[in-house]
file protein_11.txt (compact mmCIF, C-alpha atoms and all ligand atoms)
# COMPACT_ATOMS: atom_id res chain seq x y z
CA MET W 1 -15.99 1.59 23.79
CA LYS W 2 -16.62 -1.27 21.46
CA GLU W 3 -18.76 -0.48 18.49
CA THR W 4 -20.54 -3.77 18.96
CA LYS W 5 -22.54 -2.59 21.93
CA TYR W 6 -24.46 0.01 20.01
CA GLY W 7 -25.84 0.62 16.59
CA LEU W 8 -26.12 -2.97 15.57
CA ASN W 9 -28.90 -3.83 13.23
CA ARG W 10 -31.45 -6.53 13.77
CA GLU W 11 -29.90 -8.67 11.08
CA VAL W 12 -26.69 -9.12 13.06
CA PHE W 13 -28.60 -9.79 16.28
CA GLY W 14 -30.61 -12.32 14.36
CA ARG W 15 -27.47 -14.15 13.33
CA VAL W 16 -26.17 -14.10 16.89
CA THR W 17 -29.40 -15.67 18.05
CA GLN W 18 -29.30 -18.22 15.26
CA CYS W 19 -25.76 -19.10 16.23
CA ARG W 20 -26.64 -19.50 19.91
CA THR W 21 -29.65 -21.67 19.16
CA GLY W 22 -27.97 -23.59 16.38
CA HIS W 23 -30.61 -22.54 13.85
CA GLY W 24 -28.77 -20.82 11.06
CA PHE W 25 -27.10 -21.15 7.70
CA ILE W 26 -24.77 -23.96 8.72
CA GLY W 27 -24.44 -27.53 7.58
CA GLU W 28 -25.23 -28.84 11.03
CA TYR W 29 -28.65 -27.23 10.81
CA TYR W 30 -29.28 -28.20 7.19
CA LYS W 31 -28.52 -31.80 8.02
CA ARG W 32 -31.40 -31.86 10.49
CA PHE W 33 -33.93 -29.62 8.81
CA VAL W 34 -33.06 -28.92 5.18
CA PRO W 35 -31.90 -32.17 3.60
CA ASP W 36 -31.51 -30.66 0.13
CA GLU W 37 -28.79 -28.26 1.22
CA ASN W 38 -25.11 -29.13 1.28
CA VAL W 39 -23.87 -29.81 4.78
CA ASP W 40 -20.18 -29.49 4.09
CA CYS W 41 -18.03 -26.41 4.55
CA PRO W 42 -16.37 -24.46 1.71
CA CYS W 43 -13.00 -25.28 3.32
CA GLY W 44 -13.57 -28.99 2.77
CA GLU W 45 -14.79 -30.01 6.21
CA ALA W 46 -17.36 -32.76 5.71
CA LEU W 47 -19.89 -31.37 8.17
CA GLN W 48 -19.99 -27.67 8.84
CA THR W 49 -20.77 -27.30 12.54
CA ARG W 50 -21.24 -24.17 14.57
CA GLU W 51 -18.04 -24.89 16.45
CA HIS W 52 -16.19 -25.35 13.17
CA VAL W 53 -17.37 -21.96 11.91
CA LEU W 54 -16.41 -20.22 15.13
CA CYS W 55 -13.15 -22.01 15.89
CA ASP W 56 -11.70 -23.66 12.81
CA TYR W 57 -12.98 -22.32 9.50
CA PRO W 58 -9.78 -20.77 8.07
CA ILE W 59 -11.51 -17.91 6.25
CA TYR W 60 -12.56 -16.34 9.56
CA GLU W 61 -9.17 -16.61 11.25
CA PRO W 62 -8.45 -12.85 10.82
CA HIS W 63 -11.48 -12.15 13.02
CA ARG W 64 -10.90 -14.88 15.57
CA ASP W 65 -8.89 -12.72 17.97
CA ILE W 66 -12.20 -11.03 18.77
CA LEU W 67 -13.42 -14.33 20.17
CA ARG W 68 -10.15 -15.11 21.92
CA GLY W 69 -10.51 -11.80 23.73
CA ALA W 70 -13.49 -13.28 25.52
CA SER W 71 -12.42 -16.90 25.63
CA GLU W 72 -8.74 -17.60 25.21
CA ASN W 73 -9.28 -21.21 24.19
CA LEU W 74 -12.47 -20.57 22.27
CA GLU W 75 -14.67 -22.44 24.70
CA MET W 76 -18.14 -22.73 23.24
CA LEU W 77 -19.85 -22.39 26.61
CA GLU W 78 -18.04 -19.12 27.27
CA LEU W 79 -18.67 -17.76 23.78
CA LEU W 80 -22.34 -18.68 23.72
CA GLY W 81 -23.25 -18.35 27.35
CA THR W 82 -21.45 -15.41 28.95
CA LYS W 83 -21.91 -11.68 28.51
CA ASP W 84 -18.34 -11.15 27.29
CA GLY W 85 -18.60 -14.15 25.04
CA ILE W 86 -21.79 -12.99 23.41
CA GLU W 87 -20.40 -9.51 22.89
CA ALA W 88 -17.35 -10.98 21.21
CA LEU W 89 -19.54 -13.35 19.26
CA THR W 90 -21.62 -10.44 18.02
CA GLU W 91 -18.60 -8.51 16.83
CA PHE W 92 -17.13 -11.61 15.21
CA ILE W 93 -20.37 -12.38 13.39
CA GLN W 94 -20.76 -8.82 12.22
CA LYS W 95 -17.23 -8.48 10.87
CA SER W 96 -16.69 -11.95 9.47
CA GLY W 97 -20.08 -12.47 7.87
CA ALA W 98 -20.39 -15.81 9.63
CA PHE W 99 -23.82 -17.43 9.52
CA THR W 100 -25.07 -15.45 6.57
CA LYS W 101 -26.38 -17.52 3.68
CA THR W 102 -23.16 -16.90 1.73
CA GLY W 103 -20.87 -16.86 4.76
CA LYS W 104 -19.62 -13.45 3.70
CA PRO W 105 -20.38 -9.97 5.04
CA LEU W 106 -23.72 -8.79 3.69
CA HIS W 107 -22.48 -5.45 2.41
CA PRO W 108 -18.87 -5.84 1.31
CA PRO W 109 -17.25 -2.91 -0.47
CA GLN W 110 -18.25 -2.96 -4.13
CA PRO W 111 -16.11 -1.89 -7.07
CA PRO W 112 -17.59 0.90 -9.22
CA ASN W 113 -20.40 -0.52 -11.28
CA TYR W 114 -20.12 0.71 -14.82
CA GLN W 115 -19.82 -0.90 -18.21
CA PRO W 116 -17.58 0.95 -20.61
CA LEU W 117 -18.85 0.97 -24.19
CA ASP W 118 -17.06 -1.78 -26.00
CA GLU W 119 -16.33 -0.17 -29.34
CA THR W 120 -14.50 -3.20 -30.62
CA ALA W 121 -17.65 -5.26 -30.25
CA LEU W 122 -19.63 -2.59 -32.07
CA MET W 123 -17.19 -2.52 -34.98
CA LEU W 124 -17.46 -6.28 -35.41
CA ASN W 125 -21.24 -6.04 -35.56
CA ASP W 126 -22.57 -5.94 -39.13
CA GLU W 127 -25.68 -4.02 -38.15
CA TYR W 128 -23.51 -1.28 -36.72
CA TRP W 129 -21.74 -0.91 -40.07
CA GLU W 130 -24.96 -1.03 -42.02
CA ASP W 131 -26.28 1.80 -39.88
CA LEU W 132 -23.16 3.84 -40.48
CA THR W 133 -23.01 3.26 -44.24
CA GLY W 134 -26.71 3.25 -44.91
CA GLY W 135 -26.65 -0.41 -45.79
CA SER W 136 -23.82 -0.38 -48.32
CA GLU W 137 -20.97 -2.83 -47.98
CA ARG W 138 -18.32 -1.90 -45.51
CA ASP W 139 -14.86 -1.13 -46.77
CA VAL W 140 -12.64 -3.78 -45.24
CA VAL W 141 -9.51 -2.18 -46.68
CA THR W 142 -10.20 1.03 -44.78
CA GLN W 143 -10.37 -0.90 -41.53
CA GLY W 144 -6.98 -2.43 -42.25
CA GLU W 145 -5.48 1.02 -42.85
CA VAL W 146 -6.77 2.23 -39.51
CA VAL W 147 -5.10 -0.67 -37.75
CA ASP W 148 -1.85 0.01 -39.59
CA ASP W 149 -1.90 3.64 -38.53
CA GLU W 150 -2.32 2.67 -34.89
CA LEU W 151 0.55 0.23 -35.08
CA GLY W 152 2.68 2.91 -36.66
CA ASP W 153 2.20 5.16 -33.65
CA PHE W 154 3.82 2.55 -31.46
CA GLY W 155 6.75 1.96 -33.84
ZN ZN G 201 -14.77 -25.11 7.03
call {"tool": "encode", "arguments": {"input": "protein_11.txt", "output": "structure tokens"}}
result
Amino acid sequence: MKETKYGLNREVFGRVTQCRTGHGFIGEYYKRFVPDENVDCPCGEALQTREHVLCDYPIYEPHRDILRGASENLEMLELLGTKDGIEALTEFIQKSGAFTKTGKPLHPPQPPNYQPLDETALMLNDEYWEDLTGGSERDVVTQGEVVDDELGDFG
């Protein structure tokens, strides 16, 4: 059983519909209705058409076998107008992120989001030293000794 038949959210169905009607985040549509938007494709194609996104845009090639499963030669009429084609189209759109505003999947895996404390930046900050020393001048020589000690560990 293909996962595409069930459990799809409305957002993906929306993109499928936009693709079938030609109303979506593609240059072809912008050219007609949103003149301020770029109409070219990130790959360099001058006008990003629906057919280009489905059949040619290199970024989506890893997902294109999904479409070929329904239409060996990627015939637009088959992909957009038959049950198998639309099922394949749905899976392709879901996995590739095609026809989103960014052209990428909406929820890609994210790296852990944390910001380690940058102690080097703190040590270069005068206010940090004033806090530590109660406002007296910092001892530059001491800093140099610390660095020397660290280097010594590696020698
Ligand atoms: Zn392209």
call {"tool": "closest_residue", "arguments": {"input": "protein_11.txt", "among": "W:Gly103, W:Gly85, W:Gly69, W:Pro62", "to": "ligand ZN 201 (chain G)", "atoms": "all atoms listed in the file"}}
result
W:Gly103
call {"tool": "closest_atom_pairs", "arguments": {"input": "protein_11.txt", "of": "chain W", "to": "ligand ZN 201 (chain G)", "cutoff": "8 Å", "atoms": "only C-alpha atoms and all ligand atoms", "output": "Markdown table"}}
result
| residue | atom | partner | partner_atom | distance |
| --- | --- | --- | --- | --- |
| W:Asp40 | CA | G:ZN201 | ZN | 7.6 |
| W:Cys41 | CA | G:ZN201 | ZN | 4.3 |
| W:Pro42 | CA | G:ZN201 | ZN | 5.6 |
| W:Cys43 | CA | G:ZN201 | ZN | 4.1 |
| W:Gly44 | CA | G:ZN201 | ZN | 5.9 |
| W:Glu45 | CA | G:ZN201 | ZN | 5.0 |
| W:Gln48 | CA | G:ZN201 | ZN | 6.1 |
| W:His52 | CA | G:ZN201 | ZN | 6.3 |
| W:Val53 | CA | G:ZN201 | ZN | 6.4 |
| W:Asp56 | CA | G:ZN201 | ZN | 6.7 |
| W:Tyr57 | CA | G:ZN201 | ZN | 4.1 |
| W:Pro58 | CA | G:ZN201 | ZN | 6.7 |
| W:Ile59 | CA | G:ZN201 | ZN | 7.9 |
call {"tool": "atom_distance", "arguments": {"input": "protein_11.txt", "atom1": "atom CA of W:Leu80", "atom2": "atom CA of W:Tyr30"}}
result
20.3 Å
call {"tool": "atom_distance", "arguments": {"input": "protein_11.txt", "atom1": "atom CA of W:Thr49", "atom2": "atom CA of W:His23"}}
result
11.0 Å
call {"tool": "residues_around", "arguments": {"input": "protein_11.txt", "residues": "W:Glu37", "least_positions_apart": "5", "cutoff": "12 Å", "atoms": "all atoms listed in the file", "output": "VMD selection string"}}
result
chain W and resid 25 to 32 47 to 48 101
call {"tool": "atom_distance", "arguments": {"input": "protein_11.txt", "atom1": "atom CA of W:Thr90", "atom2": "atom CA of W:Asp36"}}
result
28.8 Å
call {"tool": "residues_around", "arguments": {"input": "protein_11.txt", "residues": "W:Gln94", "least_positions_apart": "2", "cutoff": "10 Å", "atoms": "all atoms listed in the file", "output": "PDB file with C-alpha atoms, in the frame of the given file"}}
result
ATOM      1  CA  THR W   4     -20.540  -3.770  18.960  1.00  0.00           C
ATOM      2  CA  LEU W   8     -26.120  -2.970  15.570  1.00  0.00           C
ATOM      3  CA  ASN W   9     -28.900  -3.830  13.230  1.00  0.00           C
ATOM      4  CA  GLU W  11     -29.900  -8.670  11.080  1.00  0.00           C
ATOM      5  CA  VAL W  12     -26.690  -9.120  13.060  1.00  0.00           C
ATOM      6  CA  PHE W  13     -28.600  -9.790  16.280  1.00  0.00           C
ATOM      7  CA  ARG W  15     -27.470 -14.150  13.330  1.00  0.00           C
ATOM      8  CA  VAL W  16     -26.170 -14.100  16.890  1.00  0.00           C
ATOM      9  CA  HIS W  63     -11.480 -12.150  13.020  1.00  0.00           C
ATOM     10  CA  ALA W  88     -17.350 -10.980  21.210  1.00  0.00           C
ATOM     11  CA  LEU W  89     -19.540 -13.350  19.260  1.00  0.00           C
ATOM     12  CA  THR W  90     -21.620 -10.440  18.020  1.00  0.00           C
ATOM     13  CA  GLU W  91     -18.600  -8.510  16.830  1.00  0.00           C
ATOM     14  CA  PHE W  92     -17.130 -11.610  15.210  1.00  0.00           C
ATOM     15  CA  SER W  96     -16.690 -11.950   9.470  1.00  0.00           C
ATOM     16  CA  GLY W  97     -20.080 -12.470   7.870  1.00  0.00           C
ATOM     17  CA  ALA W  98     -20.390 -15.810   9.630  1.00  0.00           C
ATOM     18  CA  PHE W  99     -23.820 -17.430   9.520  1.00  0.00           C
ATOM     19  CA  THR W 100     -25.070 -15.450   6.570  1.00  0.00           C
ATOM     20  CA  LYS W 104     -19.620 -13.450   3.700  1.00  0.00           C
ATOM     21  CA  PRO W 105     -20.380  -9.970   5.040  1.00  0.00           C
ATOM     22  CA  LEU W 106     -23.720  -8.790   3.690  1.00  0.00           C
TER      23      LEU W 106
END
call {"tool": "closest_residue", "arguments": {"input": "protein_11.txt", "among": "W:Arg20, W:Lys83, W:Arg10, W:Lys95", "to": "W:Glu51", "atoms": "all atoms listed in the file"}}
result
W:Arg20
call {"tool": "residues_around", "arguments": {"input": "protein_11.txt", "residues": "W:Cys55", "least_positions_apart": "6", "cutoff": "10 Å", "atoms": "all atoms listed in the file", "output": "PyMOL selection string"}}
result
chain W and resi 49+61+64+67-68+73-76
